[in-house]
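File shown: structure_18.tsv (TSV, C-alpha atoms and all ligand atoms).
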chain	number	residue	atom	x	y	z
A	1	MET	CA	-19.08	7.56	6.60
A	2	ILE	CA	-17.12	8.62	3.52
A	3	ASN	CA	-18.01	6.80	0.31
A	4	LEU	CA	-15.75	6.87	-2.77
A	5	LYS	CA	-15.82	4.90	-5.98
A	6	VAL	CA	-13.12	3.30	-8.09
A	7	GLU	CA	-14.39	3.62	-11.66
A	8	LEU	CA	-13.41	0.52	-13.62
A	9	GLY	CA	-16.45	-0.24	-15.75
A	10	ASP	CA	-17.84	-3.65	-14.76
A	11	ASN	CA	-15.13	-3.95	-12.14
A	12	SER	CA	-16.02	-0.69	-10.35
A	13	TYR	CA	-16.29	-0.80	-6.57
A	14	PRO	CA	-16.90	1.44	-3.58
A	15	ILE	CA	-14.51	2.40	-0.79
A	16	PHE	CA	-16.08	3.15	2.59
A	17	ILE	CA	-14.07	5.07	5.16
A	18	GLY	CA	-15.10	5.90	8.72
A	19	GLU	CA	-14.44	5.45	12.41
A	20	LYS	CA	-15.84	2.39	14.20
A	21	ILE	CA	-17.73	1.19	11.15
A	22	PHE	CA	-16.76	-2.48	11.20
A	23	ASP	CA	-20.02	-3.61	12.82
A	24	LYS	CA	-21.94	-2.24	9.83
A	25	LEU	CA	-20.02	-4.27	7.26
A	26	SER	CA	-22.15	-7.42	7.44
A	27	GLU	CA	-25.32	-5.41	6.84
A	28	THR	CA	-23.79	-3.91	3.70
A	29	LEU	CA	-22.58	-7.32	2.54
A	30	SER	CA	-26.10	-8.69	2.83
A	31	LEU	CA	-27.07	-6.29	0.01
A	32	TYR	CA	-24.71	-8.15	-2.33
A	33	ASP	CA	-25.36	-11.40	-4.08
A	34	PHE	CA	-22.80	-13.35	-2.04
A	35	SER	CA	-23.37	-16.78	-0.55
A	36	LYS	CA	-23.94	-16.95	3.21
A	37	LYS	CA	-20.56	-18.63	3.60
A	38	ILE	CA	-17.84	-16.15	4.44
A	39	VAL	CA	-14.17	-16.98	4.53
A	40	LEU	CA	-12.24	-14.37	6.47
A	41	VAL	CA	-8.45	-14.33	6.31
A	42	THR	CA	-6.43	-12.51	8.95
A	43	ASP	CA	-3.07	-12.83	10.68
A	44	SER	CA	-2.21	-14.07	14.16
A	45	ASP	CA	-1.39	-10.64	15.67
A	46	ILE	CA	-4.53	-9.03	14.35
A	47	TYR	CA	-6.67	-11.99	15.40
A	48	LYS	CA	-5.48	-11.59	18.99
A	49	ILE	CA	-6.74	-8.01	19.06
A	50	TYR	CA	-9.82	-8.22	16.85
A	51	GLY	CA	-10.93	-11.88	16.93
A	52	ASP	CA	-13.93	-11.12	19.16
A	53	LEU	CA	-14.93	-8.08	17.15
A	54	ILE	CA	-14.86	-10.18	13.98
A	55	GLU	CA	-17.08	-12.89	15.48
A	56	ARG	CA	-19.54	-10.34	16.81
A	57	GLY	CA	-19.59	-8.42	13.55
A	58	PHE	CA	-21.01	-11.32	11.59
A	59	ALA	CA	-23.24	-12.96	14.18
A	60	GLY	CA	-26.72	-13.38	12.78
A	61	PHE	CA	-25.80	-12.42	9.24
A	62	VAL	CA	-24.08	-15.51	7.88
A	63	GLU	CA	-24.60	-19.25	7.95
A	64	LEU	CA	-20.92	-19.88	8.21
A	65	LEU	CA	-18.00	-17.67	9.10
A	66	ASP	CA	-14.71	-19.47	8.67
A	67	ILE	CA	-11.72	-17.57	10.00
A	68	ILE	CA	-8.35	-18.53	8.56
A	69	VAL	CA	-5.46	-17.22	10.63
A	70	VAL	CA	-2.05	-17.09	8.96
A	71	PRO	CA	1.13	-16.24	10.86
A	72	SER	CA	1.72	-12.49	10.91
A	73	GLY	CA	4.57	-11.28	8.71
A	74	GLU	CA	5.73	-11.21	5.12
A	75	LYS	CA	6.56	-14.95	5.12
A	76	SER	CA	2.85	-15.75	4.83
A	77	LYS	CA	2.80	-14.29	1.33
A	78	SER	CA	3.83	-17.67	-0.04
A	79	PHE	CA	2.50	-20.68	-1.94
A	80	ALA	CA	2.06	-22.35	1.44
A	81	GLY	CA	-0.18	-19.47	2.54
A	82	VAL	CA	-2.24	-19.72	-0.65
A	83	ASP	CA	-2.48	-23.49	-0.19
A	84	GLN	CA	-3.75	-23.05	3.37
A	85	ILE	CA	-6.57	-20.76	2.20
A	86	ILE	CA	-7.53	-22.63	-0.94
A	87	SER	CA	-7.46	-26.06	0.70
A	88	ARG	CA	-9.74	-24.81	3.43
A	89	MET	CA	-12.15	-23.31	0.89
A	90	LEU	CA	-12.26	-26.60	-0.99
A	91	GLU	CA	-12.93	-28.49	2.24
A	92	LEU	CA	-15.79	-26.11	2.94
A	93	GLN	CA	-17.04	-26.67	-0.60
A	94	CYS	CA	-17.20	-22.94	-1.27
A	95	ASP	CA	-18.89	-22.18	-4.56
A	96	ARG	CA	-18.17	-19.25	-6.84
A	97	ASN	CA	-20.45	-16.92	-4.86
A	98	VAL	CA	-18.32	-17.14	-1.76
A	99	ALA	CA	-16.96	-13.90	-0.34
A	100	VAL	CA	-13.38	-13.89	0.88
A	101	ILE	CA	-12.64	-11.11	3.35
A	102	ALA	CA	-9.06	-9.92	3.73
A	103	PHE	CA	-8.95	-8.51	7.26
A	104	GLY	CA	-5.49	-7.10	7.84
A	105	GLY	CA	-2.57	-5.19	6.43
A	106	GLY	CA	-0.88	-5.45	3.07
A	107	VAL	CA	0.29	-9.01	3.70
A	108	VAL	CA	-3.19	-10.36	4.33
A	109	GLY	CA	-4.69	-8.25	1.52
A	110	ASP	CA	-2.20	-9.45	-1.08
A	111	LEU	CA	-2.39	-13.08	0.02
A	112	ALA	CA	-6.17	-13.40	0.44
A	113	GLY	CA	-6.73	-11.36	-2.73
A	114	PHE	CA	-4.49	-13.71	-4.68
A	115	ALA	CA	-6.20	-16.80	-3.28
A	116	ALA	CA	-9.55	-15.24	-4.30
A	117	ALA	CA	-8.14	-14.45	-7.74
A	118	ILE	CA	-7.27	-18.07	-8.47
A	119	TYR	CA	-9.86	-20.07	-6.50
A	120	LYS	CA	-12.14	-21.57	-9.17
A	121	ARG	CA	-10.80	-18.95	-11.61
A	122	GLY	CA	-11.72	-16.06	-9.39
A	123	VAL	CA	-14.21	-15.29	-6.61
A	124	ASN	CA	-15.35	-12.16	-4.75
A	125	TYR	CA	-13.14	-10.60	-2.17
A	126	ILE	CA	-13.49	-7.70	0.19
A	127	GLN	CA	-10.69	-5.64	1.63
A	128	VAL	CA	-10.88	-4.66	5.27
A	129	PRO	CA	-7.51	-2.92	5.64
A	130	THR	CA	-6.24	-2.55	9.22
A	131	THR	CA	-2.93	-0.74	8.63
A	132	LEU	CA	-2.50	2.83	7.42
A	133	LEU	CA	-0.42	1.56	4.50
A	134	ALA	CA	-3.16	-0.81	3.42
A	135	GLN	CA	-5.88	1.83	3.87
A	136	VAL	CA	-4.13	4.36	1.66
A	137	ASP	CA	-2.45	2.08	-0.82
A	138	SER	CA	-2.50	-1.69	-1.07
A	139	SER	CA	-6.23	-2.27	-0.53
A	140	VAL	CA	-7.09	-0.16	-3.58
A	141	GLY	CA	-6.14	-1.07	-7.12
A	142	GLY	CA	-6.46	-4.82	-7.32
A	143	LYS	CA	-2.83	-5.88	-7.13
A	144	THR	CA	-2.69	-9.26	-5.40
A	145	GLY	CA	0.19	-11.66	-5.02
A	146	ILE	CA	2.83	-13.54	-3.11
A	147	ASN	CA	6.61	-13.60	-2.88
A	148	HIS	CA	9.12	-16.04	-4.33
A	149	ALA	CA	12.54	-16.97	-3.02
A	150	LEU	CA	13.95	-14.96	-5.94
A	151	GLY	CA	12.06	-11.77	-5.11
A	152	LYS	CA	9.06	-10.04	-3.62
A	153	ASN	CA	5.69	-9.87	-5.37
A	154	LEU	CA	6.92	-11.84	-8.35
A	155	ILE	CA	3.78	-13.97	-8.52
A	156	GLY	CA	0.37	-12.40	-8.70
A	157	SER	CA	-2.67	-11.23	-10.50
A	158	PHE	CA	-4.80	-8.14	-10.98
A	159	HIS	CA	-8.07	-8.91	-9.25
A	160	GLN	CA	-10.25	-6.04	-8.06
A	161	PRO	CA	-12.10	-6.32	-4.74
A	162	LYS	CA	-15.88	-5.94	-4.58
A	163	LEU	CA	-15.55	-3.32	-1.90
A	164	VAL	CA	-13.05	-1.76	0.48
A	165	TRP	CA	-14.11	-1.14	4.08
A	166	SER	CA	-11.63	1.10	5.95
A	167	ASP	CA	-12.29	1.46	9.65
A	168	LEU	CA	-9.96	4.17	10.96
A	169	ASP	CA	-10.43	2.94	14.51
A	170	PHE	CA	-8.14	-0.01	13.74
A	171	LEU	CA	-5.23	2.40	13.47
A	172	ASN	CA	-5.35	3.05	17.21
A	173	SER	CA	-3.76	-0.33	17.92
A	174	LEU	CA	-1.15	-0.04	15.18
A	175	PRO	CA	2.53	0.23	16.21
A	176	GLU	CA	3.99	3.69	15.49
A	177	LYS	CA	6.41	2.20	12.97
A	178	GLU	CA	3.41	1.16	10.86
A	179	ILE	CA	1.91	4.66	11.01
A	180	ARG	CA	5.20	6.09	9.74
A	181	SER	CA	5.21	3.51	6.98
A	182	GLY	CA	1.75	4.55	5.78
A	183	LEU	CA	2.74	8.20	5.92
A	184	GLY	CA	5.51	7.49	3.43
A	185	GLU	CA	2.91	6.57	0.81
A	186	ILE	CA	0.69	9.53	1.75
A	187	ILE	CA	3.55	11.99	1.26
A	188	LYS	CA	4.11	10.31	-2.10
A	189	TYR	CA	0.54	11.15	-3.17
A	190	GLY	CA	1.17	14.76	-2.21
A	191	VAL	CA	4.32	14.99	-4.32
A	192	ILE	CA	2.98	13.20	-7.39
A	193	TRP	CA	-0.53	14.63	-7.47
A	194	ASP	CA	-1.68	17.16	-4.91
A	195	GLU	CA	0.20	20.17	-3.57
A	196	LYS	CA	-2.64	20.88	-1.13
A	197	LEU	CA	-2.28	17.45	0.43
A	198	PHE	CA	1.46	18.05	0.70
A	199	SER	CA	1.06	21.41	2.45
A	200	PHE	CA	-1.56	19.90	4.78
A	201	LEU	CA	1.11	17.41	5.84
A	202	GLU	CA	3.70	20.16	6.30
A	203	GLU	CA	1.32	22.07	8.59
A	204	ASN	CA	-0.25	19.19	10.50
A	205	ILE	CA	2.36	16.48	10.76
A	206	ASN	CA	2.33	16.53	14.58
A	207	SER	CA	-1.40	16.00	14.92
A	208	VAL	CA	-1.11	13.30	12.27
A	209	PHE	CA	1.52	11.47	14.34
A	210	GLU	CA	-0.86	11.76	17.28
A	211	LEU	CA	-3.58	10.13	15.15
A	212	ASP	CA	-5.95	13.09	15.21
A	213	MET	CA	-8.88	11.37	13.53
A	214	ASP	CA	-10.08	14.35	11.47
A	215	SER	CA	-6.64	14.67	9.92
A	216	ILE	CA	-6.33	10.92	9.38
A	217	ALA	CA	-9.78	10.77	7.76
A	218	TYR	CA	-8.78	13.51	5.33
A	219	LEU	CA	-5.47	11.79	4.50
A	220	VAL	CA	-7.02	8.36	3.93
A	221	LYS	CA	-9.84	9.82	1.83
A	222	ARG	CA	-7.58	12.00	-0.30
A	223	SER	CA	-5.03	9.19	-0.80
A	224	CYS	CA	-7.76	6.77	-1.89
A	225	GLU	CA	-9.21	9.36	-4.26
A	226	ILE	CA	-5.84	9.85	-5.91
A	227	LYS	CA	-5.06	6.16	-6.13
A	228	ALA	CA	-8.56	5.46	-7.48
A	229	GLU	CA	-8.12	8.12	-10.15
A	230	VAL	CA	-4.74	6.77	-11.26
A	231	VAL	CA	-5.95	3.17	-11.27
A	232	ALA	CA	-9.12	4.10	-13.17
A	233	GLN	CA	-6.99	5.58	-15.93
A	234	ASP	CA	-4.49	2.71	-16.03
A	235	GLU	CA	-5.73	-0.46	-14.33
A	236	ARG	CA	-2.84	-2.70	-15.39
A	237	GLU	CA	0.17	-0.40	-15.15
A	238	PHE	CA	0.87	0.24	-18.79
A	239	GLY	CA	1.37	3.98	-18.31
A	240	LEU	CA	0.06	6.44	-15.73
A	241	ARG	CA	0.17	3.94	-12.87
A	242	MET	CA	3.96	4.12	-13.13
A	243	ILE	CA	3.81	7.49	-11.32
A	244	LEU	CA	2.87	5.59	-8.16
A	245	ASN	CA	6.40	4.23	-8.24
A	246	PHE	CA	7.86	7.57	-7.18
A	247	GLY	CA	10.35	6.80	-4.41
A	248	HIS	CA	10.03	3.09	-5.09
A	249	THR	CA	12.67	2.61	-7.78
A	250	ILE	CA	15.43	3.48	-5.31
A	251	GLY	CA	13.28	2.55	-2.27
A	252	HIS	CA	12.93	-1.07	-3.39
A	253	GLY	CA	16.69	-1.26	-3.98
A	254	ILE	CA	17.31	0.01	-0.45
A	255	GLU	CA	14.82	-2.44	1.09
A	256	ALA	CA	16.43	-5.34	-0.74
A	257	GLU	CA	19.95	-4.25	0.18
A	258	MET	CA	18.96	-4.03	3.83
A	259	GLY	CA	17.38	-7.49	3.67
A	260	TYR	CA	13.90	-6.06	4.39
A	261	LYS	CA	14.99	-5.32	7.95
A	262	ILE	CA	15.18	-2.13	10.04
A	263	LEU	CA	13.33	0.08	7.54
A	264	SER	CA	9.66	-0.54	6.86
A	265	HIS	CA	8.41	-0.32	3.29
A	266	GLY	CA	7.10	3.22	3.73
A	267	GLU	CA	10.32	4.35	5.39
A	268	ALA	CA	12.34	2.98	2.48
A	269	VAL	CA	10.00	4.86	0.14
A	270	LEU	CA	10.65	8.06	2.11
A	271	VAL	CA	14.40	7.63	1.61
A	272	GLY	CA	13.79	6.71	-2.03
A	273	MET	CA	11.71	9.86	-2.53
A	274	LEU	CA	14.48	12.01	-1.09
A	275	ALA	CA	17.05	10.39	-3.40
A	276	GLU	CA	14.82	10.64	-6.46
A	277	SER	CA	13.95	14.27	-5.67
A	278	LYS	CA	17.69	14.94	-5.50
A	279	ILE	CA	18.03	13.47	-8.99
A	280	ALA	CA	15.18	15.73	-10.17
A	281	LEU	CA	16.98	18.72	-8.65
A	282	GLU	CA	20.24	17.80	-10.38
A	283	MET	CA	18.46	17.36	-13.68
A	284	GLU	CA	16.93	20.82	-13.19
A	285	LEU	CA	13.43	19.40	-13.30
A	286	LEU	CA	12.66	20.54	-9.76
A	287	SER	CA	13.39	23.92	-8.13
A	288	GLN	CA	15.67	24.21	-5.09
A	289	ILE	CA	12.79	25.60	-3.01
A	290	GLU	CA	10.47	22.69	-3.80
A	291	PHE	CA	13.28	20.19	-3.27
A	292	GLU	CA	13.85	21.64	0.18
A	293	ARG	CA	10.17	21.39	1.08
A	294	ILE	CA	10.28	17.66	0.23
A	295	ALA	CA	13.59	17.14	2.04
A	296	ASN	CA	12.33	18.99	5.15
A	297	LEU	CA	9.15	16.94	5.43
A	298	ILE	CA	11.10	13.69	5.02
A	299	SER	CA	13.77	14.78	7.53
A	300	ILE	CA	11.11	14.75	10.30
A	301	PHE	CA	11.22	10.95	10.06
A	302	ASN	CA	14.87	10.86	11.15
A	303	LEU	CA	15.82	7.96	8.92
A	304	LYS	CA	19.48	8.66	8.31
A	305	LYS	CA	20.62	6.89	11.46
A	306	LYS	CA	18.94	3.68	10.30
A	307	LEU	CA	20.52	3.72	6.86
A	308	LYS	CA	23.36	1.24	6.55
A	309	ILE	CA	23.70	0.77	2.81
A	310	ASN	CA	26.24	0.50	0.07
A	311	PRO	CA	25.20	2.57	-2.98
A	312	ASP	CA	26.70	0.09	-5.46
A	313	SER	CA	24.80	-2.85	-4.11
A	314	VAL	CA	21.57	-0.80	-3.93
A	315	LEU	CA	22.06	-0.11	-7.64
A	316	GLU	CA	22.62	-3.80	-8.33
A	317	PHE	CA	19.40	-4.71	-6.56
A	318	MET	CA	17.60	-2.01	-8.53
A	319	GLN	CA	18.80	-3.42	-11.80
A	320	SER	CA	17.51	-6.85	-10.97
A	321	ASP	CA	14.13	-5.45	-9.87
A	322	LYS	CA	11.30	-6.65	-12.05
A	323	LYS	CA	10.46	-3.10	-13.06
A	324	ALA	CA	13.76	-2.54	-14.84
A	325	LEU	CA	12.77	-2.56	-18.49
A	326	GLU	CA	15.39	-4.09	-20.81
A	327	GLY	CA	18.11	-3.08	-18.40
A	328	LYS	CA	16.95	0.54	-18.33
A	329	LEU	CA	15.75	1.99	-15.06
A	330	ARG	CA	12.64	4.14	-15.21
A	331	PHE	CA	12.01	6.90	-12.73
A	332	ALA	CA	8.94	8.93	-11.89
A	333	LEU	CA	10.56	12.27	-11.02
A	334	PRO	CA	8.85	15.36	-9.58
A	335	THR	CA	8.86	18.46	-11.75
A	336	GLN	CA	7.05	20.40	-9.01
A	337	ILE	CA	5.18	19.42	-5.86
A	338	GLY	CA	2.01	17.83	-7.22
A	339	LYS	CA	3.41	16.67	-10.53
A	340	VAL	CA	5.75	13.91	-11.77
A	341	GLU	CA	6.93	12.70	-15.15
A	342	VAL	CA	8.56	9.44	-16.14
A	343	PHE	CA	12.21	9.40	-17.29
A	344	ASP	CA	14.47	6.61	-18.48
A	345	ASN	CA	17.60	8.68	-19.04
A	346	VAL	CA	18.94	8.76	-15.48
A	347	SER	CA	22.57	7.60	-15.38
A	348	ASN	CA	23.94	5.11	-12.87
A	349	ASP	CA	26.27	7.82	-11.61
A	350	GLN	CA	23.35	10.07	-10.83
A	351	VAL	CA	21.68	7.26	-8.91
A	352	ARG	CA	24.86	6.57	-6.93
A	353	ARG	CA	25.30	10.27	-6.15
A	354	SER	CA	21.74	10.57	-4.92
A	355	ILE	CA	22.11	7.54	-2.66
A	356	ASN	CA	25.33	8.98	-1.26
A	357	TYR	CA	23.40	12.20	-0.64
A	358	VAL	CA	20.70	10.49	1.42
A	359	ILE	CA	23.27	8.57	3.45
A	360	LYS	CA	24.78	11.90	4.51
A	361	HIS	CA	21.59	13.99	4.93
B	1	LIG	P1	1.59	-3.59	5.71
B	1	LIG	O1	0.14	-3.25	5.75
B	1	LIG	O2	2.46	-2.48	6.15
B	1	LIG	O3	1.99	-4.20	4.40
B	1	LIG	P2	1.51	-6.08	7.37
B	1	LIG	O4	0.32	-6.62	6.72
B	1	LIG	O5	2.72	-6.92	7.40
B	1	LIG	O6	1.95	-4.68	6.79
B	1	LIG	O7	1.16	-5.64	8.85
B	1	LIG	C1	2.19	-5.13	9.68
B	1	LIG	C2	2.09	-5.67	11.09
B	1	LIG	O8	1.06	-4.99	11.77
B	1	LIG	C3	1.76	-7.13	11.17
B	1	LIG	O9	2.53	-7.68	12.22
B	1	LIG	C4	0.29	-7.16	11.54
B	1	LIG	O10	-0.03	-8.30	12.28
B	1	LIG	C5	0.15	-5.91	12.37
B	1	LIG	N1	-1.16	-5.25	12.31
B	1	LIG	C6	-1.93	-5.06	11.22
B	1	LIG	N2	-3.01	-4.33	11.52
B	1	LIG	C7	-2.93	-4.07	12.85
B	1	LIG	C8	-3.71	-3.30	13.75
B	1	LIG	N3	-4.81	-2.65	13.34
B	1	LIG	N4	-3.32	-3.23	15.05
B	1	LIG	C9	-2.17	-3.84	15.45
B	1	LIG	N5	-1.38	-4.54	14.64
B	1	LIG	C10	-1.74	-4.65	13.35
B	2	ZN	ZN	4.71	1.32	-1.77

Can you turn what I pasted into structure tokens?
Ligand code: ADP
Ligand code: ZN
Amino acid sequence: MINLKVELGDNSYPIFIGEKIFDKLSETLSLYDFSKKIVLVTDSDIYKIYGDLIERGFAGFVELLDIIVVPSGEKSKSFAGVDQIISRMLELQCDRNVAVIAFGGGVVGDLAGFAAAIYKRGVNYIQVPTTLLAQVDSSVGGKTGINHALGKNLIGSFHQPKLVWSDLDFLNSLPEKEIRSGLGEIIKYGVIWDEKLFSFLEENINSVFELDMDSIAYLVKRSCEIKAEVVAQDEREFGLRMILNFGHTIGHGIEAEMGYKILSHGEAVLVGMLAESKIALEMELLSQIEFERIANLISIFNLKKKLKINPDSVLEFMQSDKKALEGKLRFALPTQIGKVEVFDNVSNDQVRRSINYVIKH
């Protein structure tokens, strides 16, 4: 089992990564000062596959395991979803030592984490991420939240988990689309931080698609290390954490323009990274050779045929994104593979040109 640590002073926590490790979680939890009441939140699709495993995993270790199943899908990241969890916890008379377990992908992690952040002003929660995206990204860093009719993730809180328990075996039941989505974020870590990770992906992408577990273990571990390092330096996104937005400034605009359909989050980030790398090339921040390495890796995902977007409306969505600061868009742009810097002097024309580029390439 791989064991990493997110260094955040009093809020530090471990990340455990391994294959078929879920049955050891309850033993580890018994070392913590949590009450013997556990509230586990998951979604309906995951519950169908892993309901029995969950029940077995806690048998004998807890006095009460309450499993809250929310409908699978982004719609559960809502006030109604929070109400469902919190009302149940109140009914169960959970005290402040309760442990909330988020067993699922990004949706469950964000929702259960947010409920834990606000229940009685904050209680313990544990991330058990079951998607590749959640294992490499959303389970680490303490961002929790829900959506609003006016936009995604507009309501939330920073609330760090007590531990993250990543069982790679869960990825075997994940639809391929979700694997591709997670890979989008992993490629991002390569570009912003680690050339070695990037070249590993270039050389091994086929075995990664086939879920070769040694490769996947390396990717999850390295991604978590990078995210942990960035978050440790900038827990609340005042500075460095902005580099994690590479590919997201345009990617979010594309997702919104497409109504969050057809492309998954990670796929939109892949397209966003290609567009933003093109901007970096045009601004002479990035060499042609390095640009082509990025473009070639992204082209393996064959996303062009799914892209039905209008550059002007993507730009409009970008400008209304919550990250636009006083009307100015900020971009984390690669200056070489393994390094990005933040710029706020990218013109709207450059953005439009780069979106036109990705539509055609
Ligand atoms: P993400 O982690 O990408 O933010 P979600 O939390 O929405 O995404 O999960 C994506 C979909 O995958 C959901 O329908 C969820 O029920 C399903 N899912 C999550 N984990 C697994 C798994 N290990 N096996 C099969 N399906 C899963
Ligand atoms: Zn992302």

Counting all atoms listed in the file, the option among A:Ser264, A:Ser287, A:Gln135, A:Thr249 closest to A:Gln319: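 Checking each candidate against A:Gln319, we get A:Thr249 as the closest.
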
Tell me, as a VMD selection string, which residues lie within 10 Å of stretch 92-94 of chain A, counting all atoms listed in the file; anything in the same chain fewer than 3 positions away does not count. chain A and resid 35 37 to 39 64 66 86 to 89 97 to 99 119 to 120 123

Each residue of chain A lying at most 8 Å from ligand ZN 2 (chain B) should get a row with its shortest atom-to-atom pair and the distance in Å to one decimal, counting all atoms listed in the file; could you produce that, ordered by chain and increasing number, as a tab-separated table?
residue	atom	partner	partner_atom	distance
A:Asp137	CA	B:ZN2	ZN	7.3
A:Ser138	CA	B:ZN2	ZN	7.8
A:Glu185	CA	B:ZN2	ZN	6.1
A:Leu244	CA	B:ZN2	ZN	7.9
A:Asn245	CA	B:ZN2	ZN	7.3
A:His248	CA	B:ZN2	ZN	6.5
A:His265	CA	B:ZN2	ZN	6.5
A:Gly266	CA	B:ZN2	ZN	6.3
A:Val269	CA	B:ZN2	ZN	6.6

Skipping near chain neighbours, those fewer than 4 positions away, what residues fall within 7 Å of A:Pro334 using only C-alpha atoms, listed as number ranges by chain? A: 191-192, 277, 280, 286, 339-341

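Neighbouring residues of A:Tyr32 at 12 Å or closer, counting only C-alpha atoms and skipping chain neighbours under 5 positions away, are Tyr13, Leu25, Ser26, Glu27, Asn97, Val98, Ala99, Asn124, Tyr125, Ile126, Lys162 and Leu163 of chain A.
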
Expected file: the selected residues, C-alpha atoms, as a short mmCIF file (atom, residue, chain, number, x, y, z; two decimals), in the coordinates of the input:
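As a result, out.cif now contains:
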data_model
loop_
_atom_site.label_atom_id
_atom_site.label_comp_id
_atom_site.auth_asym_id
_atom_site.auth_seq_id
_atom_site.Cartn_x
_atom_site.Cartn_y
_atom_site.Cartn_z
CA TYR A 13 -16.29 -0.80 -6.57
CA LEU A 25 -20.02 -4.27 7.26
CA SER A 26 -22.15 -7.42 7.44
CA GLU A 27 -25.32 -5.41 6.84
CA ASN A 97 -20.45 -16.92 -4.86
CA VAL A 98 -18.32 -17.14 -1.76
CA ALA A 99 -16.96 -13.90 -0.34
CA ASN A 124 -15.35 -12.16 -4.75
CA TYR A 125 -13.14 -10.60 -2.17
CA ILE A 126 -13.49 -7.70 0.19
CA LYS A 162 -15.88 -5.94 -4.58
CA LEU A 163 -15.55 -3.32 -1.90
#
